[in-house]
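final24.txt, holding compact mmCIF, C-alpha atoms:
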```txt
# COMPACT_ATOMS: atom_id res chain seq x y z
CA MET A 271 159.81 -55.56 -21.33
CA GLN A 272 156.94 -53.11 -21.36
CA ALA A 273 157.53 -50.10 -19.15
CA ARG A 274 154.72 -48.83 -16.97
CA GLY A 275 152.72 -46.27 -18.87
CA THR A 276 153.98 -47.38 -22.27
CA PRO A 277 151.04 -47.08 -24.70
CA LEU A 278 149.88 -50.23 -26.43
CA PRO A 279 151.25 -50.55 -29.98
CA THR A 280 148.77 -49.87 -32.73
CA ARG A 281 147.75 -52.60 -35.12
CA SER A 282 149.62 -50.87 -37.91
CA ARG A 283 152.90 -50.80 -35.97
CA ILE A 284 152.58 -54.50 -35.18
CA LEU A 285 151.92 -55.29 -38.83
CA ASN A 286 154.81 -53.08 -39.97
CA GLU A 287 157.22 -54.97 -37.72
CA ALA A 288 155.86 -58.37 -38.75
CA GLU A 289 156.21 -57.40 -42.41
CA ARG A 290 159.80 -56.31 -41.87
CA LEU A 291 160.66 -59.60 -40.19
CA ILE A 292 158.95 -61.69 -42.88
CA ALA A 293 160.98 -59.92 -45.55
CA ARG A 294 164.25 -60.52 -43.68
CA ARG A 295 163.73 -63.96 -42.14
CA GLY A 296 160.83 -65.61 -43.90
CA VAL A 297 157.37 -66.48 -42.67
CA TYR A 298 158.55 -68.97 -40.05
CA GLY A 299 161.80 -67.24 -39.14
CA PHE A 300 160.61 -65.11 -36.24
CA THR A 301 158.43 -65.11 -33.14
CA LEU A 302 155.88 -62.69 -31.74
CA GLN A 303 158.45 -61.90 -29.06
CA GLU A 304 160.67 -60.51 -31.80
CA VAL A 305 157.75 -58.45 -33.08
CA ALA A 306 157.06 -57.09 -29.59
CA GLU A 307 160.60 -56.16 -28.54
CA PRO A 308 161.21 -53.25 -30.97
CA LEU A 309 157.80 -51.88 -29.99
CA GLY A 310 158.78 -51.82 -26.30
CA VAL A 311 155.99 -54.17 -25.24
CA ARG A 312 155.41 -57.75 -24.20
CA VAL A 313 153.68 -60.32 -26.34
CA PRO A 314 150.34 -60.03 -24.45
CA ALA A 315 150.06 -56.48 -25.83
CA ILE A 316 149.93 -57.98 -29.33
CA TYR A 317 147.16 -60.33 -28.24
CA LYS A 318 145.02 -57.32 -27.44
CA HIS A 319 144.86 -56.77 -31.21
CA PHE A 320 145.31 -60.26 -32.68
CA ALA A 321 144.21 -63.69 -31.52
CA SER A 322 147.35 -65.46 -32.74
CA ARG A 323 150.53 -65.21 -34.77
CA ASP A 324 148.60 -66.61 -37.75
CA ASP A 325 146.08 -63.79 -37.45
CA VAL A 326 148.92 -61.27 -37.64
CA LEU A 327 150.21 -62.90 -40.82
CA VAL A 328 146.77 -63.07 -42.42
CA GLU A 329 146.31 -59.36 -41.82
CA VAL A 330 149.76 -58.61 -43.24
CA ALA A 331 148.72 -60.61 -46.30
CA GLY A 332 145.50 -58.57 -46.43
CA ARG A 333 147.52 -55.40 -46.82
CA PHE A 334 149.19 -56.87 -49.88
CA ILE A 335 145.93 -58.15 -51.34
CA ASN A 336 144.53 -54.61 -51.19
CA ALA A 337 147.57 -53.27 -53.01
CA LEU A 338 147.64 -56.15 -55.51
CA SER A 339 144.02 -55.46 -56.40
CA GLN A 340 145.16 -52.15 -57.95
CA GLN A 341 147.43 -53.86 -60.49
CA PHE A 342 146.73 -53.92 -64.25
CA GLN A 343 145.20 -50.47 -64.32
CA ILE A 344 144.04 -49.58 -67.82
CA PRO A 345 142.69 -46.43 -69.46
CA PRO A 346 138.89 -46.11 -69.51
CA GLY A 347 137.11 -47.25 -72.64
CA ARG A 348 138.65 -49.05 -75.58
CA ILE A 349 142.39 -49.53 -75.20
CA GLN A 350 144.18 -47.89 -78.12
CA GLU A 351 147.58 -49.54 -77.57
CA PRO A 352 147.05 -52.94 -75.92
CA THR A 353 150.67 -54.04 -76.28
CA ALA A 354 152.16 -50.90 -74.70
CA THR A 355 149.49 -50.90 -71.99
CA LEU A 356 150.11 -54.54 -71.10
CA ARG A 357 153.88 -54.09 -71.08
CA ARG A 358 153.58 -51.14 -68.72
CA ALA A 359 151.23 -53.15 -66.48
CA CYS A 360 153.66 -56.09 -66.41
CA GLU A 361 156.51 -53.76 -65.44
CA GLU A 362 154.41 -52.33 -62.62
CA PHE A 363 153.61 -55.90 -61.59
CA VAL A 364 157.35 -56.54 -61.24
CA ASP A 365 157.83 -53.31 -59.27
CA PHE A 366 155.07 -54.30 -56.85
CA HIS A 367 156.62 -57.68 -56.08
CA VAL A 368 160.17 -56.37 -55.77
CA ALA A 369 158.98 -53.63 -53.41
CA ASN A 370 157.09 -56.14 -51.24
CA PRO A 371 159.35 -59.11 -50.47
CA ALA A 372 157.17 -60.13 -47.52
CA TYR A 373 154.27 -60.65 -49.93
CA VAL A 374 156.43 -62.86 -52.15
CA ARG A 375 157.39 -65.01 -49.17
CA LEU A 376 153.78 -65.29 -48.01
CA SER A 377 152.72 -66.25 -51.54
CA LEU A 378 155.31 -69.00 -51.70
CA ILE A 379 154.10 -70.38 -48.36
CA ASP A 380 150.59 -70.54 -49.80
CA LEU A 381 151.82 -72.43 -52.85
CA ALA A 382 153.82 -74.85 -50.71
CA THR A 383 151.09 -75.75 -48.21
CA PRO A 384 147.80 -76.39 -50.04
CA GLU A 385 145.39 -77.82 -47.48
CA GLY A 386 148.40 -78.70 -45.34
CA GLY A 387 148.87 -75.56 -43.31
CA MET A 388 147.90 -71.94 -42.98
CA GLU A 389 147.54 -70.32 -46.39
CA TYR A 390 147.86 -66.66 -45.44
CA VAL A 391 147.34 -64.96 -48.80
CA LYS A 392 144.46 -67.27 -49.73
CA ARG A 393 142.69 -66.48 -46.47
CA ALA A 394 143.26 -62.76 -46.89
CA ALA A 395 141.89 -62.92 -50.44
CA GLY A 396 138.78 -64.72 -49.29
CA GLY A 397 139.21 -68.19 -50.71
CA PRO A 398 140.76 -70.42 -53.37
CA PHE A 399 142.61 -68.82 -56.26
CA ARG A 400 140.06 -69.75 -58.92
CA ALA A 401 137.25 -68.31 -56.80
CA ASN A 402 139.18 -65.06 -56.36
CA PHE A 403 139.33 -64.73 -60.12
CA GLY A 404 135.59 -64.04 -60.23
CA LYS A 405 134.78 -62.50 -56.86
CA GLY A 406 136.39 -60.91 -53.85
CA PRO A 407 139.01 -58.17 -53.59
CA LEU A 408 141.09 -59.40 -56.54
CA ALA A 409 138.21 -59.79 -58.99
CA PRO A 410 138.44 -56.19 -60.33
CA MET A 411 142.13 -56.69 -61.14
CA HIS A 412 141.35 -59.87 -63.05
CA ARG A 413 138.49 -58.18 -64.91
CA ARG A 414 140.87 -55.44 -66.04
CA LEU A 415 143.37 -58.03 -67.23
CA ARG A 416 140.66 -59.91 -69.16
CA SER A 417 139.58 -56.67 -70.80
CA LEU A 418 143.14 -55.80 -71.77
CA LEU A 419 143.81 -59.22 -73.27
CA ALA A 420 140.49 -59.15 -75.13
CA ASP A 421 141.28 -55.75 -76.68
CA GLY A 422 144.64 -57.07 -77.83
CA ARG A 423 142.98 -60.11 -79.37
CA ARG A 424 140.41 -57.98 -81.20
CA ALA A 425 143.23 -55.85 -82.59
CA GLY A 426 144.98 -58.97 -83.87
CA LEU A 427 147.95 -58.41 -81.55
CA PHE A 428 147.34 -61.26 -79.09
CA ARG A 429 146.12 -64.78 -79.65
CA SER A 430 143.06 -65.93 -77.73
CA VAL A 431 144.14 -67.04 -74.26
CA VAL A 432 142.48 -67.68 -70.93
CA ALA A 433 143.30 -64.68 -68.75
CA LEU A 434 143.69 -66.90 -65.70
CA ASP A 435 146.36 -68.93 -67.52
CA PHE A 436 148.22 -65.78 -68.55
CA TYR A 437 148.19 -64.46 -65.00
CA ARG A 438 149.36 -67.80 -63.64
CA LEU A 439 152.21 -67.83 -66.15
CA ILE A 440 153.62 -64.40 -65.33
CA LYS A 441 153.00 -64.75 -61.60
CA SER A 442 154.80 -68.07 -61.29
CA ALA A 443 157.67 -66.96 -63.53
CA LEU A 444 158.17 -63.78 -61.52
CA LEU A 445 158.11 -65.55 -58.15
CA ILE A 446 160.79 -67.96 -59.36
CA GLN A 447 162.93 -65.12 -60.72
CA LEU A 448 162.81 -63.35 -57.38
CA VAL A 449 163.84 -66.27 -55.19
CA PHE A 450 165.80 -68.70 -57.36
CA PRO A 451 168.62 -69.54 -57.17
CA ASP A 452 170.02 -67.23 -54.51
CA ASP A 453 167.17 -65.04 -53.18
CA GLN A 454 169.20 -61.92 -53.95
CA LEU A 455 166.32 -59.97 -55.48
CA LEU A 456 164.44 -60.20 -52.19
CA ARG A 457 167.35 -59.70 -49.81
CA THR A 458 168.62 -56.50 -51.38
CA ARG A 459 167.07 -53.86 -53.59
CA PRO A 460 168.13 -54.85 -57.12
CA SER A 461 170.10 -52.42 -59.23
CA ALA A 462 168.30 -50.56 -61.98
CA THR A 463 170.07 -52.78 -64.52
CA ARG A 464 169.00 -56.01 -62.82
CA LEU A 465 165.44 -54.77 -62.35
CA ARG A 466 165.24 -53.81 -66.00
CA ALA A 467 166.50 -57.29 -66.95
CA VAL A 468 163.79 -58.93 -64.85
CA LYS A 469 161.14 -56.83 -66.59
CA VAL A 470 162.52 -57.67 -70.02
CA GLU A 471 162.59 -61.39 -69.21
CA LEU A 472 159.01 -61.34 -68.00
CA TRP A 473 157.80 -59.37 -71.00
CA THR A 474 159.63 -61.71 -73.38
CA LEU A 475 157.80 -64.64 -71.80
CA ALA A 476 154.48 -62.80 -72.00
CA THR A 477 154.87 -61.89 -75.67
CA ARG A 478 155.90 -65.42 -76.63
CA TYR A 479 152.76 -66.69 -74.96
CA LEU A 480 150.48 -64.08 -76.55
CA THR A 481 151.86 -63.78 -80.08
CA PRO A 482 149.38 -65.17 -82.61
CA THR A 483 150.48 -68.33 -84.38
CA PRO A 484 151.05 -67.77 -88.14
CA HIS A 485 148.62 -69.68 -90.31
```
Could you render the structure from this file as structure tokens?
Amino acid sequence: MQARGTPLPTRSRILNEAERLIARRGVYGFTLQEVAEPLGVRVPAIYKHFASRDDVLVEVAGRFINALSQQFQIPPGRIQEPTATLRRACEEFVDFHVANPAYVRLSLIDLATPEGGMEYVKRAAGGPFRANFGKGPLAPMHRRLRSLLADGRRAGLFRSVVALDFYRLIKSALLIQLVFPDDQLLRTRPSATRLRAVKVELWTLATRYLTPTPH
């Protein structure tokens, strides 16, 4: 219950609490009442900032889209060591997902409800996945990945692949690793040994996909 004189919660505090609950209970595992209670307010206080629960979740997803857009950073100019640069980027990609379990859960909801429900990450990114590859907040990340893969191909280190297919491969493999079979990597912070194993598994998959076929 909101006490008289209690200031309205800020948008960021609402989003912080929603993110915490998504990580713990899943996208559908909580109510706005449970968001409001730790903030010392009633649900109508949330509606002063957001039109609906879905709007809260879309804005939470927007936070992650902004952070995701910074992935696959590469040195300016021609990449001198494409393999080492890509491996480091893939490891940072793992770190980002492990550190943001709410984003993983929102992503899985998007994958499970195409055209059949609210796709929170897709809405936050501005449209369908293929469209985001060429425009919108994630386009710079995808351009960097294309550049990195192209430099590796020119150096004879990578075979010619479609960057979108490579991204789809590592993204889907990582999401499955994090939630299947027991969800432990999302529920608790993985040990350094387990995290290192996840990175090695993802890099092994990436290198198998990229290694040129002997003639």
For this session: Using all atoms listed in the file, find all polymer residues with an atom at most 8 Å away from the point (155.7, -55.5, -34.0); report them as a VMD selection string.
Result: chain A and resid 279 283 to 288 302 304 to 309 316
For this session: List the residues sitting within 8 Å of (148.3, -52.0, -70.3) in the file's frame, using all atoms listed in the file, as number ranges by chain.
Result: A: 342-345, 351-360, 418
Exercise. What does the distance between CA of Arg323 (chain A) and CA of Ser282 (chain A) come to in Å, to one decimal place?
Worked result: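 CA of Ser282 (chain A) lies 14.7 Å from CA of Arg323 (chain A).
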Exercise. Quick one: residues within 12 Å of Asp435 (chain A), all atoms listed in the file counted, chain neighbours fewer than 6 positions away excluded, as an MDAnalysis selection string?
Worked result: chainID A and resid 399:400 403 412 415:416 419 441:442 476 479:480
For this session: One decimal, Å: what's the distance from CA of Gln340 (chain A) over to CA of Arg478 (chain A), could you say?
Result: 25.3 Å
